Amino acid sequence: MKFLLKIVLSLLCMVSVVQAETVAPDVLVKATAEEVLAIVKQDKDIQAGNQKKILALVDAKVLPHFNFERMTQLSVGKSWRTATPEQKQALVAEYRNMLVRTYTKAFTVYRDQTIEIKPFKMAADATEVAVKTSINKPGAQPILVNYEMEKTVDGWKVFDLTIEGVSLVTSYRGTFVSEIQEKGIDGLIKTLADKNTNAVNVAQHKADTK
């Protein structure tokens with residue numbers, strides 16, 4: 001019986017991996033965006049800036065589709081190679097928190113936006129693609145957002161965002177490199193941690209004074 005259970009569990013794991021890999025990147029982006037926006041549209045607390053609910057939504061629906069280690073590595077640049085495992089772990093954690101802040105802020109200003117996925121094609125053996133989208137809001141210019149994605153054993157993951165032609169990773173790299181040159185890797189970690197902590201405190205203060 002134990003042997004049979006092991007076989008079943010192994011098969012389930014294999015099926016999960018195959019299913020993750022067979023979901024096309026544009027389909028994944030579209031499904032995730034539509035699900036998240038539907039939740040935001042229906043939840044008045046999120047629209048009002050409820051940090052607890054926003055963080056829970058981002059953590060459950062958005063973050064699993066990002067490769068934070070690669071994003072952090074690309075943003076840190078050459079210094080990533082000389083960072084210790086502990087420093088790398090801290091950098092990834094703070095980078096993740098930084099992106100969480102970006103998304104939570106976006107959700108608090110949600111006003112009936114819709115997501116349009118641009119026509120998408122990819123080669124059968126492609127391992128990296130760009131999924132182009134447009135965030136549309138009535139009476140406003142569309143915001144163009146491209147998701148740079150890579151194929152992993154866990155499915156397609158985002159490793160960079162390009163907003164109106166500006167790469168998130170490239171933008172951070174310039175700041176990170178300067179920070180590392182001036183204060184070292186530990187200095188960059190502290191700067192990111194301080195900014196993240198301050199942002200959380202400010203958001204909480206706003207929520208408490210409403």
# chains A, B, ... in the order shown; residues from 1 in each chain; ligands from 1

call {"tool": "select_by_dssp", "arguments": {"residues": "region 97-131 of chain A", "states": "alpha helix (DSSP H)", "output": "list in words"}}
result
Asn97, Met98, Leu99, Val100, Arg101, Thr102, Tyr103, Thr104, Lys105, Ala106, Phe107 and Thr108 of chain A

call {"tool": "closest_atom_pairs", "arguments": {"of": "region 16-133 of chain A", "to": "region 185-188 of chain A", "cutoff": "9 Å", "atoms": "only C-alpha atoms", "output": "tab-separated table"}}
result
residue	atom	partner	partner_atom	distance
A:Ser79	CA	A:Ile185	CA	7.8
A:Trp80	CA	A:Ile185	CA	8.8
A:Ala83	CA	A:Ile185	CA	7.2
A:Gln87	CA	A:Asp186	CA	7.2
A:Leu91	CA	A:Leu188	CA	8.2

call {"tool": "closest_residue", "arguments": {"among": "A:Leu28, A:Val23, A:Ile163, A:Ala90", "to": "Pro142 (chain A)", "atoms": "only C-alpha atoms"}}
result
A:Ile163

call {"tool": "residues_around", "arguments": {"residues": "Lys88 (chain A)", "least_positions_apart": "6", "cutoff": "9 Å", "atoms": "only C-alpha atoms", "output": "JSON, numbers by chain"}}
result
{"A": [69, 72, 73, 80]}

call {"tool": "write_last_selection", "arguments": {"atoms": "C-alpha atoms", "output": "compact mmCIF listing (two decimals), in the first residue's frame"}}
result
# COMPACT_ATOMS: atom_id res chain seq x y z
CA GLU A 69 16.05 35.59 -7.35
CA THR A 72 17.39 40.58 -7.88
CA GLN A 73 20.46 39.10 -9.57
CA TRP A 80 25.79 39.41 -7.13

call {"tool": "closest_residue", "arguments": {"among": "A:Lys151, A:Gly49, A:Glu128, A:Arg101", "to": "Leu192 (chain A)", "atoms": "only C-alpha atoms"}}
result
A:Arg101

call {"tool": "atom_distance", "arguments": {"atom1": "CA of Lys44 (chain A)", "atom2": "CA of Asn146 (chain A)"}}
result
28.2 Å

call {"tool": "residues_around", "arguments": {"residues": "Val29 (chain A)", "least_positions_apart": "4", "cutoff": "8 Å", "atoms": "only C-alpha atoms", "output": "PyMOL selection string"}}
result
chain A and resi 25+33+131

call {"tool": "write_last_selection", "arguments": {"atoms": "N, CA and C atoms", "output": "compact mmCIF listing (two decimals), in the first residue's frame"}}
result
# COMPACT_ATOMS: atom_id res chain seq x y z
N PRO A 25 2.43 31.46 -21.60
CA PRO A 25 2.69 32.66 -20.81
C PRO A 25 1.64 33.75 -20.96
N ALA A 33 -4.27 38.36 -14.28
CA ALA A 33 -4.72 39.76 -14.25
C ALA A 33 -6.23 39.84 -14.08
N VAL A 131 5.50 39.10 -22.94
CA VAL A 131 4.05 39.20 -23.08
C VAL A 131 3.68 40.68 -22.96

call {"tool": "atom_distance", "arguments": {"atom1": "CA of Val62 (chain A)", "atom2": "CA of Thr32 (chain A)"}}
result
7.2 Å

call {"tool": "atom_distance", "arguments": {"atom1": "CA of Thr170 (chain A)", "atom2": "CA of Thr191 (chain A)"}}
result
18.2 Å

call {"tool": "select_by_dssp", "arguments": {"residues": "region 25-201 of chain A", "states": "strand (DSSP E)", "output": "NGL selection string"}}
result
:A and (114-117 or 128-136 or 143-152 or 155-163 or 166-167)

call {"tool": "write_last_selection", "arguments": {"atoms": "C-alpha atoms", "output": "compact mmCIF listing (two decimals), in the first residue's frame"}}
result
# COMPACT_ATOMS: atom_id res chain seq x y z
CA THR A 114 -9.00 46.55 -17.76
CA ILE A 115 -6.09 44.50 -19.06
CA GLU A 116 -5.61 43.88 -22.78
CA ILE A 117 -3.19 41.17 -23.89
CA GLU A 128 12.14 33.38 -22.75
CA VAL A 129 9.33 35.56 -24.10
CA ALA A 130 7.78 38.99 -23.70
CA VAL A 131 4.05 39.20 -23.08
CA LYS A 132 2.83 42.66 -24.07
CA THR A 133 -0.19 44.15 -22.32
CA SER A 134 -2.07 47.39 -22.09
CA ILE A 135 -3.74 48.72 -18.93
CA ASN A 136 -6.77 50.64 -20.12
CA ILE A 143 -0.32 52.20 -20.00
CA LEU A 144 1.86 49.69 -21.82
CA VAL A 145 3.31 46.95 -19.64
CA ASN A 146 5.47 44.10 -20.93
CA TYR A 147 6.17 41.00 -18.88
CA GLU A 148 9.57 39.42 -19.58
CA MET A 149 9.09 35.75 -18.75
CA GLU A 150 11.21 32.60 -18.60
CA LYS A 151 10.24 28.96 -18.69
CA THR A 152 11.13 27.09 -15.50
CA GLY A 155 6.04 27.03 -15.30
CA TRP A 156 6.49 30.51 -16.75
CA LYS A 157 7.85 33.14 -14.36
CA VAL A 158 8.28 36.91 -14.70
CA PHE A 159 11.86 38.17 -14.35
CA ASP A 160 11.37 41.77 -15.49
CA LEU A 161 8.64 44.32 -16.11
CA THR A 162 8.85 47.03 -18.75
CA ILE A 163 6.46 49.90 -18.12
CA VAL A 166 11.29 51.47 -19.05
CA SER A 167 12.67 48.22 -17.60

call {"tool": "residues_around", "arguments": {"residues": "region 54-60 of chain A", "least_positions_apart": "6", "cutoff": "8 Å", "atoms": "only C-alpha atoms", "output": "list in words"}}
result
Val36, Ile46, Val100, Tyr103, Thr104 and Phe107 of chain A

call {"tool": "residues_around", "arguments": {"residues": "region 171-179 of chain A", "least_positions_apart": "2", "cutoff": "6 Å", "atoms": "only C-alpha atoms", "output": "PyMOL selection string"}}
result
chain A and resi 75-76+168-169+181-183+188

call {"tool": "write_last_selection", "arguments": {"atoms": "N, CA and C atoms", "output": "PDB file, in the first residue's frame"}}
result
ATOM      1  N   SER A  75      19.268  42.930 -11.231  1.00  0.00           N
ATOM      2  CA  SER A  75      19.281  44.308 -10.743  1.00  0.00           C
ATOM      3  C   SER A  75      20.575  44.649 -10.008  1.00  0.00           C
ATOM      4  N   VAL A  76      21.122  43.674  -9.288  1.00  0.00           N
ATOM      5  CA  VAL A  76      22.355  43.905  -8.538  1.00  0.00           C
ATOM      6  C   VAL A  76      23.566  43.919  -9.474  1.00  0.00           C
ATOM      7  N   LEU A 168      12.049  47.684 -15.320  1.00  0.00           N
ATOM      8  CA  LEU A 168      12.138  47.768 -13.869  1.00  0.00           C
ATOM      9  C   LEU A 168      13.529  47.351 -13.402  1.00  0.00           C
ATOM     10  N   VAL A 169      14.016  46.246 -13.951  1.00  0.00           N
ATOM     11  CA  VAL A 169      15.328  45.727 -13.569  1.00  0.00           C
ATOM     12  C   VAL A 169      16.439  46.726 -13.908  1.00  0.00           C
ATOM     13  N   GLN A 181      28.549  50.691  -4.697  1.00  0.00           N
ATOM     14  CA  GLN A 181      29.853  51.351  -4.814  1.00  0.00           C
ATOM     15  C   GLN A 181      30.121  52.258  -3.621  1.00  0.00           C
ATOM     16  N   GLU A 182      29.058  52.864  -3.109  1.00  0.00           N
ATOM     17  CA  GLU A 182      29.214  53.808  -2.001  1.00  0.00           C
ATOM     18  C   GLU A 182      29.199  53.133  -0.629  1.00  0.00           C
ATOM     19  N   LYS A 183      28.303  52.140  -0.465  1.00  0.00           N
ATOM     20  CA  LYS A 183      28.094  51.568   0.878  1.00  0.00           C
ATOM     21  C   LYS A 183      28.297  50.057   0.958  1.00  0.00           C
ATOM     22  N   LEU A 188      23.389  48.427   0.719  1.00  0.00           N
ATOM     23  CA  LEU A 188      22.213  48.345  -0.152  1.00  0.00           C
ATOM     24  C   LEU A 188      21.078  47.617   0.553  1.00  0.00           C
TER      25      LEU A 188
END
